[in-house]
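Q: Supplied structure: input-v9.txt, compact mmCIF, C-alpha atoms.
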# COMPACT_ATOMS: atom_id res chain seq x y z
CA MET I 1 64.62 -80.74 -10.82
CA SER I 2 66.02 -79.00 -13.89
CA THR I 3 63.92 -77.17 -16.48
CA ASP I 4 64.94 -79.70 -19.15
CA THR I 5 63.79 -82.56 -16.94
CA VAL I 6 60.44 -80.89 -16.38
CA ARG I 7 60.01 -80.26 -20.10
CA THR I 8 60.94 -83.85 -20.91
CA ALA I 9 58.42 -85.15 -18.38
CA ALA I 10 55.72 -82.84 -19.72
CA ALA I 11 56.40 -83.97 -23.29
CA ALA I 12 56.21 -87.61 -22.21
CA ASP I 13 52.88 -86.95 -20.48
CA GLU I 14 51.54 -85.30 -23.63
CA ARG I 15 52.62 -88.27 -25.75
CA ALA I 16 51.03 -90.71 -23.30
CA THR I 17 47.80 -88.70 -23.28
CA ALA I 18 47.73 -88.54 -27.08
CA GLU I 19 48.30 -92.30 -27.32
CA ARG I 20 45.57 -92.95 -24.75
CA ARG I 21 43.11 -90.77 -26.68
CA ARG I 22 43.99 -92.60 -29.89
CA GLU I 23 43.31 -95.95 -28.25
CA GLN I 24 40.07 -94.68 -26.78
CA ARG I 25 38.85 -93.56 -30.21
CA GLY I 26 39.70 -96.97 -31.65
CA TRP I 27 37.92 -98.61 -28.72
CA TYR I 28 34.76 -96.60 -29.44
CA VAL I 29 34.68 -97.93 -33.00
CA TYR I 30 34.09 -101.51 -31.89
CA ASP I 31 30.82 -100.37 -30.33
CA TRP I 32 30.13 -98.66 -33.67
CA ALA I 33 30.85 -101.96 -35.46
CA CYS I 34 28.99 -104.56 -33.40
CA SER I 35 26.00 -102.55 -32.14
CA VAL I 36 24.40 -102.77 -35.58
CA TYR I 37 23.95 -106.50 -34.94
CA SER I 38 22.20 -105.84 -31.65
CA THR I 39 19.96 -103.21 -33.23
CA SER I 40 19.11 -104.32 -36.75
CA VAL I 41 19.30 -108.08 -36.21
CA LEU I 42 18.41 -108.90 -32.62
CA THR I 43 16.06 -106.02 -31.84
CA VAL I 44 14.28 -105.28 -35.14
CA PHE I 45 14.34 -107.86 -37.90
CA LEU I 46 15.27 -111.33 -36.74
CA GLY I 47 12.61 -111.82 -34.04
CA PRO I 48 9.53 -111.19 -36.22
CA TYR I 49 11.13 -112.74 -39.33
CA LEU I 50 12.30 -115.93 -37.61
CA THR I 51 8.91 -116.20 -35.90
CA GLU I 52 7.19 -116.08 -39.29
CA ILE I 53 9.55 -118.73 -40.69
CA ALA I 54 8.81 -120.93 -37.66
CA LYS I 55 5.07 -120.43 -38.17
CA ALA I 56 5.44 -121.45 -41.82
CA ALA I 57 7.07 -124.69 -40.66
CA ALA I 58 4.60 -125.31 -37.82
CA ASP I 59 2.09 -128.15 -37.63
CA PRO I 60 -1.68 -127.45 -37.64
CA GLU I 61 -1.58 -126.87 -33.86
CA GLY I 62 1.06 -124.13 -34.27
CA TYR I 63 4.06 -126.12 -33.00
CA VAL I 64 7.49 -126.77 -34.49
CA HIS I 65 9.54 -129.76 -33.36
CA PRO I 66 13.29 -129.02 -33.16
CA LEU I 67 15.03 -132.25 -32.10
CA GLY I 68 11.57 -133.72 -31.59
CA ILE I 69 10.68 -131.20 -28.85
CA PRO I 70 7.25 -129.54 -29.30
CA VAL I 71 7.70 -125.75 -29.21
CA ARG I 72 5.04 -123.15 -29.94
CA ALA I 73 6.25 -121.30 -33.04
CA GLY I 74 5.73 -117.94 -31.34
CA SER I 75 8.15 -118.95 -28.56
CA PHE I 76 10.92 -120.33 -30.81
CA PHE I 77 12.86 -117.07 -31.06
CA ALA I 78 12.80 -116.44 -27.29
CA TYR I 79 13.94 -120.00 -26.56
CA THR I 80 16.74 -119.70 -29.11
CA VAL I 81 17.98 -116.49 -27.50
CA SER I 82 18.04 -118.31 -24.16
CA LEU I 83 19.98 -121.23 -25.65
CA SER I 84 22.50 -118.85 -27.25
CA VAL I 85 23.14 -117.30 -23.86
CA ILE I 86 23.69 -120.71 -22.26
CA VAL I 87 26.24 -121.52 -24.99
CA SER I 88 27.93 -118.19 -24.23
CA VAL I 89 28.39 -119.25 -20.61
CA PHE I 90 30.59 -122.12 -21.77
CA VAL I 91 32.74 -120.21 -24.26
CA MET I 92 33.32 -116.90 -22.45
CA PRO I 93 35.48 -118.34 -19.64
CA LEU I 94 37.66 -120.00 -22.28
CA ALA I 95 38.24 -116.64 -23.96
CA GLY I 96 38.94 -114.90 -20.66
CA ALA I 97 41.42 -117.59 -19.63
CA ALA I 98 43.20 -117.43 -22.99
CA ALA I 99 43.46 -113.64 -22.72
CA ASP I 100 44.87 -113.88 -19.20
CA ARG I 101 47.30 -116.65 -20.15
CA THR I 102 48.71 -115.03 -23.29
CA GLY I 103 47.99 -111.33 -22.92
CA ARG I 104 46.98 -111.35 -26.58
CA LYS I 105 43.45 -109.99 -26.63
CA LYS I 106 43.44 -108.63 -30.17
CA PRO I 107 43.75 -111.97 -32.02
CA LEU I 108 40.97 -113.41 -29.87
CA LEU I 109 38.84 -110.33 -30.47
CA ALA I 110 39.38 -110.72 -34.20
CA VAL I 111 38.33 -114.40 -34.19
CA ALA I 112 35.16 -113.71 -32.20
CA ALA I 113 34.20 -110.64 -34.21
CA TYR I 114 34.65 -112.26 -37.62
CA LEU I 115 32.93 -115.50 -36.63
CA GLY I 116 29.95 -113.45 -35.45
CA SER I 117 29.92 -111.23 -38.51
CA ALA I 118 30.10 -114.26 -40.82
CA ALA I 119 27.15 -115.93 -39.06
CA THR I 120 25.17 -112.70 -39.34
CA ALA I 121 25.98 -112.32 -43.02
CA GLY I 122 24.84 -115.93 -43.49
CA MET I 123 21.34 -114.91 -42.40
CA PHE I 124 20.80 -113.80 -45.98
CA PHE I 125 20.03 -117.46 -46.72
CA LEU I 126 17.07 -117.67 -44.33
CA ASP I 127 13.94 -118.28 -46.35
CA GLY I 128 11.11 -120.76 -46.67
CA GLU I 129 10.94 -122.94 -43.55
CA ARG I 130 14.61 -122.77 -42.52
CA TYR I 131 13.90 -121.88 -38.91
CA LEU I 132 16.55 -124.33 -37.66
CA LEU I 133 19.24 -122.60 -39.75
CA GLY I 134 18.07 -119.29 -38.33
CA GLY I 135 18.32 -120.63 -34.79
CA PHE I 136 21.82 -121.99 -35.41
CA LEU I 137 23.12 -118.74 -36.90
CA LEU I 138 21.57 -116.77 -34.05
CA ILE I 139 23.34 -118.97 -31.47
CA VAL I 140 26.72 -118.59 -33.23
CA ALA I 141 26.36 -114.82 -33.66
CA ASN I 142 25.18 -114.19 -30.10
CA ALA I 143 27.91 -116.34 -28.55
CA SER I 144 30.56 -114.67 -30.71
CA LEU I 145 29.35 -111.22 -29.71
CA ALA I 146 29.45 -112.19 -26.04
CA VAL I 147 33.05 -113.42 -26.31
CA SER I 148 34.15 -110.30 -28.17
CA MET I 149 32.58 -108.10 -25.49
CA VAL I 150 34.55 -109.89 -22.74
CA LEU I 151 37.73 -108.84 -24.50
CA TYR I 152 36.48 -105.40 -25.52
CA ASN I 153 35.28 -104.41 -22.04
CA SER I 154 38.49 -105.60 -20.38
CA TYR I 155 40.37 -102.84 -22.24
CA LEU I 156 38.45 -100.10 -20.38
CA PRO I 157 40.55 -100.02 -17.17
CA GLN I 158 43.70 -100.02 -19.31
CA ILE I 159 42.81 -97.15 -21.65
CA ALA I 160 41.04 -94.81 -19.20
CA PRO I 161 42.10 -93.63 -15.73
CA PRO I 162 39.41 -93.72 -13.01
CA GLU I 163 38.27 -90.14 -13.49
CA GLU I 164 37.64 -90.71 -17.21
CA ARG I 165 35.84 -94.06 -17.18
CA ASP I 166 32.23 -92.92 -16.85
CA ALA I 167 32.72 -90.54 -19.79
CA VAL I 168 34.69 -93.02 -21.93
CA SER I 169 32.21 -95.84 -21.33
CA SER I 170 29.27 -93.53 -22.09
CA ARG I 171 30.88 -92.35 -25.32
CA GLY I 172 31.38 -95.96 -26.39
CA TRP I 173 27.69 -96.71 -25.92
CA ALA I 174 26.79 -93.44 -27.67
CA PHE I 175 28.91 -94.45 -30.68
CA GLY I 176 27.11 -97.79 -30.79
CA TYR I 177 23.65 -96.27 -30.69
CA ALA I 178 24.57 -93.65 -33.30
CA SER I 179 25.78 -96.45 -35.58
CA GLY I 180 22.57 -98.40 -35.03
CA ALA I 181 20.49 -95.34 -35.88
CA LEU I 182 22.43 -94.66 -39.07
CA VAL I 183 22.09 -98.21 -40.37
CA LEU I 184 18.42 -98.36 -39.37
CA VAL I 185 17.71 -95.34 -41.58
CA ALA I 186 19.19 -97.26 -44.53
CA ASN I 187 17.22 -100.36 -43.50
CA LEU I 188 14.01 -98.33 -43.36
CA VAL I 189 14.57 -96.94 -46.86
CA LEU I 190 15.21 -100.41 -48.29
CA PHE I 191 12.30 -102.02 -46.45
CA LEU I 192 9.70 -99.38 -47.34
CA ALA I 193 10.85 -99.00 -50.96
CA HIS I 194 11.72 -102.63 -51.65
CA ASP I 195 9.57 -102.66 -54.79
CA SER I 196 11.57 -99.74 -56.17
CA PHE I 197 14.75 -101.74 -55.64
CA GLY I 198 13.22 -104.77 -57.37
CA VAL I 199 13.23 -107.08 -54.33
CA SER I 200 10.50 -108.67 -52.24
CA GLU I 201 9.82 -107.68 -48.64
CA ALA I 202 11.39 -110.92 -47.38
CA THR I 203 14.49 -110.36 -49.51
CA ALA I 204 14.78 -106.82 -48.18
CA VAL I 205 14.74 -108.20 -44.62
CA ARG I 206 17.43 -110.75 -45.50
CA ILE I 207 19.60 -108.00 -47.01
CA CYS I 208 19.21 -105.94 -43.85
CA LEU I 209 20.25 -108.92 -41.73
CA ALA I 210 23.29 -109.73 -43.87
CA SER I 211 24.43 -106.11 -44.16
CA ALA I 212 24.74 -105.94 -40.36
CA GLY I 213 27.31 -108.73 -40.55
CA VAL I 214 29.27 -106.94 -43.28
CA TRP I 215 29.23 -103.70 -41.27
CA TRP I 216 30.40 -105.53 -38.13
CA GLY I 217 33.34 -107.10 -39.92
CA ALA I 218 34.41 -103.99 -41.82
CA PHE I 219 34.59 -101.58 -38.89
CA THR I 220 36.27 -104.11 -36.59
CA LEU I 221 39.45 -103.37 -38.54
CA VAL I 222 39.78 -100.00 -36.76
CA PRO I 223 40.00 -101.22 -33.14
CA LEU I 224 42.21 -104.10 -34.24
CA LYS I 225 44.64 -101.52 -35.59
CA ARG I 226 44.54 -99.03 -32.70
CA LEU I 227 44.21 -101.12 -29.55
CA ARG I 228 47.38 -102.66 -28.16
CA ASP I 229 47.97 -105.67 -25.98
CA ARG I 230 49.71 -105.29 -22.62
CA ARG I 231 51.47 -108.36 -21.23
CA THR I 232 52.02 -108.74 -17.48
CA PRO I 233 55.20 -110.28 -16.04
CA ALA I 234 53.26 -113.49 -15.30
CA GLN I 235 52.14 -113.67 -18.91
CA GLU I 236 55.68 -113.03 -20.16
CA ALA I 237 56.88 -115.88 -17.95
CA GLY I 238 54.03 -118.12 -19.07
CA THR I 239 52.96 -118.80 -15.47
CA SER I 240 49.28 -118.01 -16.02
CA SER I 241 48.00 -121.32 -17.36
CA ARG I 242 44.55 -122.05 -15.97
CA GLY I 243 41.90 -123.39 -18.29
CA GLY I 244 38.60 -121.68 -18.91
CA TRP I 245 36.40 -123.10 -16.17
CA GLN I 246 39.35 -123.45 -13.80
CA GLN I 247 40.03 -119.75 -14.34
CA LEU I 248 36.39 -118.86 -13.74
CA ARG I 249 36.32 -120.85 -10.49
CA ALA I 250 39.52 -119.13 -9.39
CA THR I 251 38.00 -115.73 -10.22
CA VAL I 252 34.88 -116.49 -8.20
CA ARG I 253 37.03 -117.64 -5.28
CA ASP I 254 39.03 -114.43 -5.56
CA MET I 255 35.82 -112.41 -5.59
CA ARG I 256 34.88 -113.91 -2.25
CA GLY I 257 37.66 -111.73 -0.91
CA HIS I 258 35.84 -108.79 -2.52
CA PRO I 259 32.24 -109.49 -1.44
CA HIS I 260 30.97 -106.06 -2.43
CA THR I 261 32.21 -106.57 -6.00
CA LEU I 262 30.37 -109.89 -6.00
CA ALA I 263 27.24 -108.19 -4.62
CA PHE I 264 27.33 -105.65 -7.45
CA LEU I 265 27.61 -108.45 -10.01
CA LEU I 266 24.56 -110.15 -8.51
CA ALA I 267 22.51 -106.96 -8.73
CA TYR I 268 23.72 -106.35 -12.28
CA LEU I 269 22.91 -109.93 -13.27
CA VAL I 270 19.29 -109.40 -12.21
CA TYR I 271 18.46 -105.98 -13.66
CA ASN I 272 20.50 -106.49 -16.82
CA ASP I 273 18.56 -109.69 -17.49
CA GLY I 274 15.49 -107.48 -17.75
CA VAL I 275 17.28 -104.99 -20.01
CA GLN I 276 18.53 -107.67 -22.40
CA THR I 277 15.10 -109.31 -22.60
CA VAL I 278 13.42 -106.01 -23.46
CA ILE I 279 16.01 -105.44 -26.20
CA SER I 280 15.47 -108.86 -27.77
CA GLN I 281 11.69 -109.23 -27.34
CA ALA I 282 10.28 -105.72 -27.82
CA SER I 283 9.84 -106.10 -31.58
CA VAL I 284 8.05 -109.44 -31.10
CA TYR I 285 5.69 -107.75 -28.60
CA GLY I 286 5.05 -104.91 -31.03
CA SER I 287 4.39 -107.13 -34.04
CA GLU I 288 2.54 -110.05 -32.45
CA GLU I 289 0.58 -108.42 -29.59
CA LEU I 290 0.10 -104.85 -30.80
CA GLY I 291 -0.26 -105.71 -34.49
CA LEU I 292 2.29 -103.13 -35.64
CA GLY I 293 3.96 -103.35 -39.03
CA GLN I 294 7.67 -103.78 -39.64
CA SER I 295 8.09 -100.15 -40.74
CA THR I 296 6.58 -98.95 -37.44
CA LEU I 297 8.96 -101.17 -35.49
CA ILE I 298 11.94 -99.83 -37.42
CA VAL I 299 10.93 -96.22 -36.71
CA ALA I 300 10.42 -97.07 -33.02
CA VAL I 301 13.84 -98.68 -32.70
CA LEU I 302 15.37 -95.77 -34.62
CA LEU I 303 13.82 -93.47 -32.02
CA VAL I 304 15.36 -95.64 -29.28
CA GLN I 305 18.78 -95.39 -30.93
CA LEU I 306 18.67 -91.62 -31.32
CA LEU I 307 17.48 -90.99 -27.78
CA ALA I 308 19.93 -93.56 -26.39
CA VAL I 309 22.83 -91.47 -27.73
CA ALA I 310 21.57 -88.42 -25.85
CA GLY I 311 20.55 -90.52 -22.85
CA ALA I 312 23.97 -92.17 -22.50
CA LEU I 313 25.79 -88.83 -22.64
CA ALA I 314 23.28 -87.13 -20.33
CA MET I 315 23.46 -89.91 -17.75
CA GLY I 316 27.25 -89.71 -17.94
CA ARG I 317 26.98 -86.06 -16.90
CA LEU I 318 24.48 -86.94 -14.16
CA ALA I 319 26.95 -89.51 -12.84
CA ARG I 320 29.61 -86.80 -12.51
CA ALA I 321 27.18 -84.75 -10.41
CA TYR I 322 25.41 -87.45 -8.39
CA GLY I 323 27.54 -90.57 -8.76
CA ALA I 324 27.13 -93.62 -10.98
CA LYS I 325 25.27 -95.70 -8.39
CA ARG I 326 22.54 -93.12 -7.77
CA THR I 327 22.14 -92.51 -11.49
CA ILE I 328 21.76 -96.24 -12.21
CA LEU I 329 19.19 -96.56 -9.40
CA GLY I 330 17.19 -93.71 -10.93
CA SER I 331 17.31 -95.42 -14.32
CA LEU I 332 15.93 -98.65 -12.80
CA VAL I 333 12.93 -96.72 -11.45
CA ALA I 334 12.38 -95.38 -14.97
CA TRP I 335 12.65 -98.90 -16.41
CA THR I 336 10.03 -100.18 -13.97
CA VAL I 337 7.56 -97.43 -14.83
CA THR I 338 8.15 -97.73 -18.58
CA ILE I 339 7.78 -101.52 -18.85
CA GLY I 340 4.79 -101.51 -16.50
CA ALA I 341 3.11 -98.95 -18.73
CA GLY I 342 3.86 -101.14 -21.76
CA TYR I 343 1.31 -103.67 -20.52
CA PHE I 344 -1.50 -101.18 -21.14
CA LEU I 345 -0.54 -100.09 -24.67
CA PRO I 346 -3.51 -100.32 -27.05
CA ALA I 347 -3.14 -102.52 -30.12
CA GLY I 348 -2.78 -100.82 -33.47
CA ALA I 349 -1.68 -97.49 -31.95
CA PRO I 350 1.85 -96.65 -33.17
CA ALA I 351 1.96 -93.30 -31.31
CA TRP I 352 1.81 -94.95 -27.89
CA PHE I 353 4.42 -97.51 -28.92
CA PHE I 354 6.68 -94.58 -29.88
CA VAL I 355 6.18 -93.12 -26.39
CA LEU I 356 7.26 -96.45 -24.92
CA ALA I 357 10.29 -96.50 -27.24
CA ALA I 358 11.25 -92.98 -26.14
CA GLY I 359 11.14 -93.99 -22.48
CA ILE I 360 13.35 -97.01 -23.16
CA GLY I 361 15.82 -95.00 -25.25
CA LEU I 362 16.39 -92.35 -22.60
CA VAL I 363 17.59 -94.88 -20.01
CA LEU I 364 18.95 -97.76 -22.10
CA GLY I 365 22.42 -96.50 -22.99
CA GLY I 366 23.11 -94.86 -19.65
CA THR I 367 22.16 -97.92 -17.60
CA GLN I 368 24.56 -100.11 -19.57
CA ALA I 369 27.39 -97.58 -19.86
CA LEU I 370 27.44 -96.60 -16.18
CA SER I 371 27.18 -100.22 -15.04
CA ARG I 372 30.30 -101.03 -17.06
CA SER I 373 32.28 -98.03 -15.80
CA LEU I 374 31.17 -98.59 -12.18
CA PHE I 375 32.32 -102.21 -12.32
CA SER I 376 35.71 -101.15 -13.70
CA HIS I 377 36.37 -99.38 -10.38
CA LEU I 378 35.68 -102.62 -8.49
CA VAL I 379 38.27 -104.72 -10.40
CA PRO I 380 41.66 -105.33 -8.74
CA GLN I 381 44.55 -104.20 -10.94
CA GLY I 382 46.02 -106.93 -13.13
CA LYS I 383 42.81 -108.99 -13.11
CA GLU I 384 40.83 -107.06 -15.73
CA ALA I 385 40.31 -109.90 -18.24
CA GLU I 386 39.20 -112.51 -15.71
CA TYR I 387 36.89 -110.13 -13.84
CA PHE I 388 35.35 -108.81 -17.03
CA SER I 389 34.81 -112.39 -18.13
CA ALA I 390 32.67 -112.82 -15.02
CA TYR I 391 31.04 -109.45 -15.74
CA GLU I 392 30.19 -110.48 -19.29
CA ILE I 393 28.68 -113.72 -18.02
CA SER I 394 26.46 -111.51 -15.86
CA ASP I 395 25.87 -109.19 -18.84
CA ARG I 396 25.06 -111.74 -21.54
CA GLY I 397 25.96 -115.18 -20.29
CA MET I 398 23.36 -115.25 -17.53
CA ALA I 399 20.70 -113.29 -19.43
CA TRP I 400 18.80 -116.48 -20.28
CA LEU I 401 16.22 -116.32 -17.52
CA GLY I 402 14.38 -113.28 -18.87
CA PRO I 403 13.80 -114.66 -22.38
CA MET I 404 12.94 -118.06 -20.86
CA ILE I 405 10.32 -116.50 -18.57
CA PHE I 406 9.05 -114.38 -21.46
CA GLY I 407 8.70 -117.47 -23.67
CA LEU I 408 7.19 -119.64 -20.94
CA THR I 409 4.69 -116.95 -19.97
CA TYR I 410 3.53 -116.69 -23.55
CA GLN I 411 3.43 -120.47 -23.96
CA LEU I 412 1.28 -120.85 -20.83
CA THR I 413 -1.00 -117.83 -21.28
CA GLY I 414 -0.91 -117.11 -25.01
CA SER I 415 -0.52 -113.41 -24.11
CA TYR I 416 2.50 -111.29 -24.88
CA ARG I 417 1.13 -108.65 -22.47
CA ASP I 418 1.56 -111.05 -19.58
CA ALA I 419 5.02 -111.89 -20.91
CA ILE I 420 6.19 -108.26 -21.08
CA VAL I 421 4.90 -107.26 -17.63
CA SER I 422 6.67 -110.25 -16.05
CA LEU I 423 9.95 -108.40 -16.70
CA VAL I 424 9.15 -105.68 -14.14
CA ALA I 425 10.29 -108.06 -11.38
CA PHE I 426 13.87 -107.97 -12.70
CA PHE I 427 14.11 -104.19 -12.32
CA LEU I 428 12.52 -104.13 -8.87
CA LEU I 429 14.78 -106.85 -7.49
CA GLY I 430 17.85 -105.38 -9.20
CA PHE I 431 17.12 -101.99 -7.59
CA ALA I 432 16.85 -103.56 -4.14
CA LEU I 433 20.12 -105.47 -4.53
CA LEU I 434 22.11 -102.55 -5.96
CA ALA I 435 20.88 -100.16 -3.26
CA ARG I 436 22.55 -102.38 -0.65
CA VAL I 437 26.02 -102.31 -2.29
CA PRO I 438 28.48 -99.90 -0.53
CA VAL I 439 30.36 -98.94 -3.70
CA ARG I 440 32.92 -96.60 -2.10
CA ARG I 441 34.01 -99.37 0.28
CA ALA I 442 34.04 -101.80 -2.65
CA VAL I 443 36.45 -99.56 -4.58
CA ARG I 444 38.78 -99.27 -1.57
CA ASP I 445 38.66 -103.02 -0.98
CA ALA I 446 39.72 -103.60 -4.60
CA GLY I 447 42.79 -101.43 -3.97
CA ASN I 448 41.71 -98.65 -6.32
CA PRO I 449 41.53 -94.87 -5.74
CA VAL I 450 38.00 -93.73 -4.87
CA PRO I 451 36.65 -91.02 -7.21
CA ASP I 452 35.02 -87.95 -5.68
CA ARG I 453 31.66 -89.11 -7.11
CA ILE I 454 30.75 -92.77 -7.45
Once you've parsed the file, please lay out its structure as structure tokens.
A:
Amino acid sequence: MSTDTVRTAAAADERATAERRREQRGWYVYDWACSVYSTSVLTVFLGPYLTEIAKAAADPEGYVHPLGIPVRAGSFFAYTVSLSVIVSVFVMPLAGAAADRTGRKKPLLAVAAYLGSAATAGMFFLDGERYLLGGFLLIVANASLAVSMVLYNSYLPQIAPPEERDAVSSRGWAFGYASGALVLVANLVLFLAHDSFGVSEATAVRICLASAGVWWGAFTLVPLKRLRDRRTPAQEAGTSSRGGWQQLRATVRDMRGHPHTLAFLLAYLVYNDGVQTVISQASVYGSEELGLGQSTLIVAVLLVQLLAVAGALAMGRLARAYGAKRTILGSLVAWTVTIGAGYFLPAGAPAWFFVLAAGIGLVLGGTQALSRSLFSHLVPQGKEAEYFSAYEISDRGMAWLGPMIFGLTYQLTGSYRDAIVSLVAFFLLGFALLARVPVRRAVRDAGNPVPDRI
């Protein structure tokens, strides 16, 4: 091989690496954009605020009656989260099928992102007794976020080679948590000094909710500019034409030929259900059971965000040393201990709630980031969108059981302590299922190269 040929090849490799890095940086920014919704809206403000609106609309026995169904006002938010997840189950396969059929992920990502950001911005109009409007906007925003994450996650195998995926996925989560922390600082200033800004406390909350939607929409422009679609020969020929549920059934049938990939998804479905429920219900537990004020909850979630940045990056490094599977298993032990300890927190004691928040923050980002990167190794090449559609159904689309159990436990016992400790079962069962998955064999069965550590 001539010197000129070697130089030309080296220059081409450098250009390809530079383009890959540019795409990766654009990919990170979508986490930066949408994570503010998860943090400011779903985790901090909307749960307590929507619960108060529902209580204002409740009858003397403390029940609201959406569609004539008696629901305890304190359970309305949890039930709505569950319903939003069930709606997501129906729309995510449609998005995955459309992405597979056309190869055009970016337009679909744009539609989902801007529908979700518009619904979030519309939360500014929640006041009085408009709990039904709040429930509707929550369902639209949650379902839109779920669809966008199907498309977003399916880019990971395309923009990062196997040896980079743990690090790239962890950086994406770190960007998201850093964004959430930054916006929460602004939220905290507005909420605590609302009188100085000439607005009521309720108006300050509505501004915080709406600003998350504006942030989401504005920063989505970056990944839409930098990410690029890649069309397969089947997509160019227009031969991939299954509908949403037909595509999902075909994907599940295909996964039967990769039983270890399917076993990982089952384990992830279980323990991630616990993670998602903690994220959505922790502020309700803090406000309703522990009697903590909104400012305390904001500081606690800010602490989670800051520690989650460090935790995601640290667990990414641990995965390089010990493998992603072992690191995830260790995080599930930490989840079990932390949530179990949450049952015993004394009411009216912010310091202990901050300790709980610190424990959650240290494992939250890493558990999610490493699960995503580990799954990317188990996906056969050319089937990223359809497999990540199934993954996202496990991530968000099937995460209805935790909130449902949380809401039912409270409805039956009237105790949020009983509701929070019920979530420990998800982490214990998830640990047992994941421990049985032979991930190295699963990677080989998917036809992918096996990293030195996995």
Q: Using all atoms listed in the file, can you tell me which of I:Val270, I:Met92, I:Ile69, I:Val284 comes closest to I:Ala419?
A: I:Val284
Q: Compile the contact shell of stretch 159-167 of chain I as a VMD selection string: residues with an atom at most 8 Å away, counting only C-alpha atoms, same-chain residues fewer than 4 positions apart removed.
A: chain I and resid 20 23 to 24 155 171 313 316 to 317 319 to 320 324 369 to 370 373 to 374 376 to 377 449 451
Q: Closest to I:Val71 among I:Val205, I:Val199, I:Leu412, I:Ala308, using all atoms listed in the file?
A: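 Ranking I:Val205, I:Val199, I:Leu412, I:Ala308 by distance to I:Val71, first place goes to I:Leu412.
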Q: Compare I:Gly26, I:Gly407, I:Gly74, I:Pro223 by their minimum atom-to-atom distance to I:Lys55, counting all atoms listed in the file, and give me the closest one.
A: I:Gly74
Q: Name the residues in contact with stretch 48-50 of chain I at a cut-off of 9 Å, using only C-alpha atoms, excluding same-chain residues fewer than 6 positions from it; report them as a PyMOL selection string.
A: chain I and resi 76-77+126+130-131+134-135+202+205+283-284+287-288+294
Q: Considering only C-alpha atoms, give me a table of residues in stretch 282-341 of chain I that are at most 10 Å from stretch 172-179 of chain I, with the closest atom pair and distance in Å for each, as JSON lines.
A:
{"residue": "I:Leu302", "atom": "CA", "partner": "I:Tyr177", "partner_atom": "CA", "distance": 9.2}
{"residue": "I:Val304", "atom": "CA", "partner": "I:Tyr177", "partner_atom": "CA", "distance": 8.4}
{"residue": "I:Gln305", "atom": "CA", "partner": "I:Tyr177", "partner_atom": "CA", "distance": 5.0}
{"residue": "I:Leu306", "atom": "CA", "partner": "I:Ala178", "partner_atom": "CA", "distance": 6.5}
{"residue": "I:Leu307", "atom": "CA", "partner": "I:Tyr177", "partner_atom": "CA", "distance": 8.6}
{"residue": "I:Ala308", "atom": "CA", "partner": "I:Tyr177", "partner_atom": "CA", "distance": 6.3}
{"residue": "I:Val309", "atom": "CA", "partner": "I:Ala174", "partner_atom": "CA", "distance": 4.4}
{"residue": "I:Ala310", "atom": "CA", "partner": "I:Ala174", "partner_atom": "CA", "distance": 7.5}
{"residue": "I:Gly311", "atom": "CA", "partner": "I:Ala174", "partner_atom": "CA", "distance": 8.4}
{"residue": "I:Ala312", "atom": "CA", "partner": "I:Ala174", "partner_atom": "CA", "distance": 6.0}
{"residue": "I:Leu313", "atom": "CA", "partner": "I:Ala174", "partner_atom": "CA", "distance": 6.9}
Q: Taking into account all atoms listed in the file, which residue in the set I:Thr51, I:Pro346, I:Asp195, I:Val252 is nearest to I:Gly291?
A: I:Pro346
Q: From the list I:Gln276, I:Ser154, I:Ser117, I:Ser148, which residue is nearest I:Ala210 when using all atoms listed in the file?
A: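 Nearest candidate to I:Ala210 out of I:Gln276, I:Ser154, I:Ser117, I:Ser148: I:Ser117.
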Q: Might you pull out every residue within 12 Å of I:Leu408, with only C-alpha atoms counted and same-chain residues fewer than 3 positions away left off, and present them as a list in words?
A: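 Those residues are Val71, Arg72, Gly74, Ser75, Phe76, Phe77, Ala78, Tyr79, Ser82, Leu401, Gly402, Pro403, Met404, Ile405, Gln411, Leu412, Thr413, Gly414, Ser415, Tyr416, Asp418, Ala419, Ile420 and Ser422 of chain I.
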Q: Tell me, in Å to one decimal, how far atom CA of I:Gln158 is from atom CA of I:Thr261.
A: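 Computing the Euclidean distance for atom CA of I:Gln158 and atom CA of I:Thr261 yields 18.8 Å.
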Q: Mind rebuilding stretch 159-163 of chain I with N, CA, C and O atoms and writing that out as a compact mmCIF listing (two decimals), in the frame of the given file?
A:
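Contents of part-v1.txt, freshly written:
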# COMPACT_ATOMS: atom_id res chain seq x y z
N ILE I 159 42.73 -98.31 -20.76
CA ILE I 159 42.81 -97.15 -21.65
C ILE I 159 42.22 -95.89 -21.03
O ILE I 159 42.31 -94.81 -21.65
N ALA I 160 41.65 -95.99 -19.83
CA ALA I 160 41.04 -94.81 -19.20
C ALA I 160 41.33 -94.81 -17.71
O ALA I 160 41.02 -95.79 -17.02
N PRO I 161 41.91 -93.73 -17.17
CA PRO I 161 42.10 -93.63 -15.73
C PRO I 161 40.75 -93.49 -15.03
O PRO I 161 39.73 -93.22 -15.67
N PRO I 162 40.70 -93.69 -13.71
CA PRO I 162 39.41 -93.72 -13.01
C PRO I 162 38.52 -92.52 -13.27
O PRO I 162 37.31 -92.68 -13.44
N GLU I 163 39.10 -91.34 -13.32
CA GLU I 163 38.27 -90.14 -13.49
C GLU I 163 37.66 -90.01 -14.88
O GLU I 163 36.75 -89.22 -15.09
